[in-house]
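These notes concern the structure reproduced below.
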Amino acid sequence: MNKIPNSTTALVLGILAYVGCCCFTGFSGILLSGISLYLVKKGEETYAENPEAYDNYKQLKTAKVVAIVALILSAIMAAFYIILKAQGIDEQSIQMMLEELQEQQ
């Protein structure tokens, strides 16, 4: 039995997208999960052509779920970042607010 092409790559990209949703304001997670979902789609098409030839369809489904979750979380983080920037709040402002809260305690 053969493995579906790029199924492992799609899973790794999905996991990296999940990590990237919290780093780099979520935009890297959106990019990586998009690539992962593209690879999953190609893998599903390959599997549909000849299902008997491949044995790792569960891995492909797992990669799809991880990529979708990462995409949703990354989109939420990116929206949160855009909202903060639109309100003029940046990292220095947040740091100052945290320091004021610590001084009040």
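Following the order of the structure tokens, chains are lettered A, B, ..., residues in each are numbered from 1, and ligands are numbered from 1.
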
Contacts of stretch 65-82 of chain A at 9 Å (only C-alpha atoms; same-chain gap of 4+ positions) as a list in words | Ala10, Leu11, Leu13, Gly14, Ile15, Leu16, Ala17, Tyr18, Val19, Gly20, Cys21, Cys22, Thr25, Gly26, Phe27, Ser28, Gly29, Ile30, Leu31, Leu32, Ser33, Gly34, Ile35, Ser36, Leu37, Leu60, Lys61, Ala86 and Gln87 of chain A

Would you save the residues from that selection as a PDB file, in the first residue's frame, using N, CA and C atoms?
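To be explicit, this is the file written out as selection-v6.pdb:
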ATOM      1  N   ALA A  10       1.046  18.003   4.802  1.00  0.00           N
ATOM      2  CA  ALA A  10      -0.160  18.737   5.165  1.00  0.00           C
ATOM      3  C   ALA A  10      -0.376  18.717   6.676  1.00  0.00           C
ATOM      4  N   LEU A  11      -0.099  17.576   7.299  1.00  0.00           N
ATOM      5  CA  LEU A  11      -0.252  17.477   8.752  1.00  0.00           C
ATOM      6  C   LEU A  11       0.760  18.359   9.474  1.00  0.00           C
ATOM      7  N   LEU A  13       2.277  21.042   8.294  1.00  0.00           N
ATOM      8  CA  LEU A  13       1.898  22.441   8.082  1.00  0.00           C
ATOM      9  C   LEU A  13       0.701  22.833   8.944  1.00  0.00           C
ATOM     10  N   GLY A  14      -0.232  21.917   9.116  1.00  0.00           N
ATOM     11  CA  GLY A  14      -1.381  22.192   9.983  1.00  0.00           C
ATOM     12  C   GLY A  14      -0.957  22.414  11.424  1.00  0.00           C
ATOM     13  N   ILE A  15      -0.025  21.602  11.890  1.00  0.00           N
ATOM     14  CA  ILE A  15       0.480  21.762  13.260  1.00  0.00           C
ATOM     15  C   ILE A  15       1.246  23.073  13.386  1.00  0.00           C
ATOM     16  N   LEU A  16       2.087  23.387  12.408  1.00  0.00           N
ATOM     17  CA  LEU A  16       2.812  24.663  12.441  1.00  0.00           C
ATOM     18  C   LEU A  16       1.853  25.849  12.370  1.00  0.00           C
ATOM     19  N   ALA A  17       0.770  25.696  11.630  1.00  0.00           N
ATOM     20  CA  ALA A  17      -0.235  26.757  11.557  1.00  0.00           C
ATOM     21  C   ALA A  17      -0.897  26.946  12.914  1.00  0.00           C
ATOM     22  N   TYR A  18      -1.127  25.845  13.616  1.00  0.00           N
ATOM     23  CA  TYR A  18      -1.718  25.918  14.953  1.00  0.00           C
ATOM     24  C   TYR A  18      -0.793  26.671  15.900  1.00  0.00           C
ATOM     25  N   VAL A  19       0.498  26.401  15.808  1.00  0.00           N
ATOM     26  CA  VAL A  19       1.482  27.127  16.621  1.00  0.00           C
ATOM     27  C   VAL A  19       1.549  28.578  16.159  1.00  0.00           C
ATOM     28  N   GLY A  20       1.495  28.795  14.849  1.00  0.00           N
ATOM     29  CA  GLY A  20       1.597  30.134  14.289  1.00  0.00           C
ATOM     30  C   GLY A  20       0.403  31.020  14.563  1.00  0.00           C
ATOM     31  N   CYS A  21      -0.714  30.428  14.995  1.00  0.00           N
ATOM     32  CA  CYS A  21      -1.896  31.255  15.262  1.00  0.00           C
ATOM     33  C   CYS A  21      -1.662  32.179  16.450  1.00  0.00           C
ATOM     34  N   CYS A  22      -0.786  31.777  17.355  1.00  0.00           N
ATOM     35  CA  CYS A  22      -0.513  32.618  18.522  1.00  0.00           C
ATOM     36  C   CYS A  22       0.702  33.513  18.316  1.00  0.00           C
ATOM     37  N   THR A  25       0.931  37.446  15.068  1.00  0.00           N
ATOM     38  CA  THR A  25      -0.409  38.049  14.938  1.00  0.00           C
ATOM     39  C   THR A  25      -1.409  37.206  14.162  1.00  0.00           C
ATOM     40  N   GLY A  26      -1.155  35.919  13.986  1.00  0.00           N
ATOM     41  CA  GLY A  26      -2.116  35.034  13.349  1.00  0.00           C
ATOM     42  C   GLY A  26      -2.011  34.929  11.847  1.00  0.00           C
ATOM     43  N   PHE A  27      -1.313  35.851  11.208  1.00  0.00           N
ATOM     44  CA  PHE A  27      -1.249  35.843   9.755  1.00  0.00           C
ATOM     45  C   PHE A  27      -0.434  34.666   9.220  1.00  0.00           C
ATOM     46  N   SER A  28       0.603  34.262   9.938  1.00  0.00           N
ATOM     47  CA  SER A  28       1.368  33.091   9.487  1.00  0.00           C
ATOM     48  C   SER A  28       0.532  31.827   9.598  1.00  0.00           C
ATOM     49  N   GLY A  29      -0.307  31.746  10.621  1.00  0.00           N
ATOM     50  CA  GLY A  29      -1.190  30.600  10.766  1.00  0.00           C
ATOM     51  C   GLY A  29      -2.193  30.507   9.631  1.00  0.00           C
ATOM     52  N   ILE A  30      -2.691  31.649   9.186  1.00  0.00           N
ATOM     53  CA  ILE A  30      -3.633  31.667   8.053  1.00  0.00           C
ATOM     54  C   ILE A  30      -2.938  31.160   6.795  1.00  0.00           C
ATOM     55  N   LEU A  31      -1.723  31.614   6.565  1.00  0.00           N
ATOM     56  CA  LEU A  31      -0.972  31.197   5.384  1.00  0.00           C
ATOM     57  C   LEU A  31      -0.679  29.693   5.415  1.00  0.00           C
ATOM     58  N   LEU A  32      -0.145  29.221   6.539  1.00  0.00           N
ATOM     59  CA  LEU A  32       0.227  27.814   6.628  1.00  0.00           C
ATOM     60  C   LEU A  32      -0.990  26.892   6.582  1.00  0.00           C
ATOM     61  N   SER A  33      -2.075  27.281   7.229  1.00  0.00           N
ATOM     62  CA  SER A  33      -3.263  26.429   7.186  1.00  0.00           C
ATOM     63  C   SER A  33      -3.891  26.433   5.800  1.00  0.00           C
ATOM     64  N   GLY A  34      -3.785  27.540   5.094  1.00  0.00           N
ATOM     65  CA  GLY A  34      -4.271  27.589   3.717  1.00  0.00           C
ATOM     66  C   GLY A  34      -3.497  26.636   2.823  1.00  0.00           C
ATOM     67  N   ILE A  35      -2.192  26.626   2.969  1.00  0.00           N
ATOM     68  CA  ILE A  35      -1.369  25.700   2.193  1.00  0.00           C
ATOM     69  C   ILE A  35      -1.705  24.256   2.565  1.00  0.00           C
ATOM     70  N   SER A  36      -1.868  24.020   3.851  1.00  0.00           N
ATOM     71  CA  SER A  36      -2.209  22.675   4.317  1.00  0.00           C
ATOM     72  C   SER A  36      -3.547  22.212   3.750  1.00  0.00           C
ATOM     73  N   LEU A  37      -4.533  23.086   3.760  1.00  0.00           N
ATOM     74  CA  LEU A  37      -5.839  22.718   3.208  1.00  0.00           C
ATOM     75  C   LEU A  37      -5.766  22.468   1.703  1.00  0.00           C
ATOM     76  N   LEU A  60      -4.807  11.976   6.518  1.00  0.00           N
ATOM     77  CA  LEU A  60      -5.254  13.104   5.709  1.00  0.00           C
ATOM     78  C   LEU A  60      -6.444  13.806   6.362  1.00  0.00           C
ATOM     79  N   LYS A  61      -7.373  13.027   6.922  1.00  0.00           N
ATOM     80  CA  LYS A  61      -8.515  13.616   7.625  1.00  0.00           C
ATOM     81  C   LYS A  61      -8.049  14.370   8.870  1.00  0.00           C
ATOM     82  N   ALA A  86      -6.517  49.217  14.973  1.00  0.00           N
ATOM     83  CA  ALA A  86      -7.475  50.252  14.575  1.00  0.00           C
ATOM     84  C   ALA A  86      -7.785  51.187  15.737  1.00  0.00           C
ATOM     85  N   GLN A  87      -7.729  50.664  16.948  1.00  0.00           N
ATOM     86  CA  GLN A  87      -7.980  51.489  18.125  1.00  0.00           C
ATOM     87  C   GLN A  87      -6.720  52.191  18.609  1.00  0.00           C
TER      88      GLN A  87
END

Give the helix (DSSP H, G or I) residues of chain A, as DSSP finds them on the backbone, and put them as a PyMOL selection string.
-> chain A and resi 7-20+24-49+51-53+57-86+91-104

Excluding A:Pro51 and residues on its chain fewer than 5 positions from it, collect all residues at most 12 Å away from it, counting only C-alpha atoms, and give them as a PDB file with N, CA and C atoms, in the first residue's frame.
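That gives us result.pdb:
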ATOM      1  N   MET A   1       0.838  -1.189   0.000  1.00  0.00           N
ATOM      2  CA  MET A   1       0.000   0.000   0.000  1.00  0.00           C
ATOM      3  C   MET A   1       0.884   1.254   0.000  1.00  0.00           C
ATOM      4  N   ASN A   2       0.431   2.240  -0.709  1.00  0.00           N
ATOM      5  CA  ASN A   2       1.147   3.509  -0.816  1.00  0.00           C
ATOM      6  C   ASN A   2       0.540   4.534   0.122  1.00  0.00           C
ATOM      7  N   LYS A   3       1.323   5.546   0.399  1.00  0.00           N
ATOM      8  CA  LYS A   3       0.809   6.661   1.187  1.00  0.00           C
ATOM      9  C   LYS A   3       0.341   7.755   0.243  1.00  0.00           C
ATOM     10  N   ILE A   4      -0.677   8.480   0.668  1.00  0.00           N
ATOM     11  CA  ILE A   4      -1.187   9.595  -0.135  1.00  0.00           C
ATOM     12  C   ILE A   4      -0.101  10.674  -0.189  1.00  0.00           C
ATOM     13  N   GLY A  43      -4.764  15.763  -1.944  1.00  0.00           N
ATOM     14  CA  GLY A  43      -4.686  14.390  -1.460  1.00  0.00           C
ATOM     15  C   GLY A  43      -6.027  13.682  -1.530  1.00  0.00           C
ATOM     16  N   GLU A  44      -7.100  14.399  -1.217  1.00  0.00           N
ATOM     17  CA  GLU A  44      -8.441  13.803  -1.306  1.00  0.00           C
ATOM     18  C   GLU A  44      -8.785  13.461  -2.752  1.00  0.00           C
ATOM     19  N   GLU A  45      -8.376  14.324  -3.681  1.00  0.00           N
ATOM     20  CA  GLU A  45      -8.615  14.034  -5.098  1.00  0.00           C
ATOM     21  C   GLU A  45      -7.839  12.800  -5.539  1.00  0.00           C
ATOM     22  N   THR A  46      -6.595  12.687  -5.077  1.00  0.00           N
ATOM     23  CA  THR A  46      -5.776  11.520  -5.415  1.00  0.00           C
ATOM     24  C   THR A  46      -6.392  10.251  -4.835  1.00  0.00           C
ATOM     25  N   ASN A  56      -3.403   5.618   4.120  1.00  0.00           N
ATOM     26  CA  ASN A  56      -3.295   6.609   5.195  1.00  0.00           C
ATOM     27  C   ASN A  56      -4.322   7.735   5.060  1.00  0.00           C
ATOM     28  N   TYR A  57      -5.546   7.377   4.738  1.00  0.00           N
ATOM     29  CA  TYR A  57      -6.589   8.396   4.601  1.00  0.00           C
ATOM     30  C   TYR A  57      -6.927   9.045   5.942  1.00  0.00           C
TER      31      TYR A  57
END

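You can rank A:Gln105, A:Leu39, A:Ile89, A:Met97 by their closest distance to A:Ala63 using only C-alpha atoms, and at the top of that list sits A:Leu39.
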
Taken to one decimal, the atom CA of A:Glu103-atom CA of A:Leu84 distance is 23.6 Å

Could you state the separation of atom CA of A:Gln59 and atom CA of A:Phe24 in Å, given to one decimal place?
-> 27.3 Å

With only C-alpha atoms as the basis for distance, which of A:Leu101, A:Ile83, A:Val40, A:Cys23 is at the shortest distance from A:Thr62?
->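 Closest to A:Thr62, using only C-alpha atoms: A:Val40.
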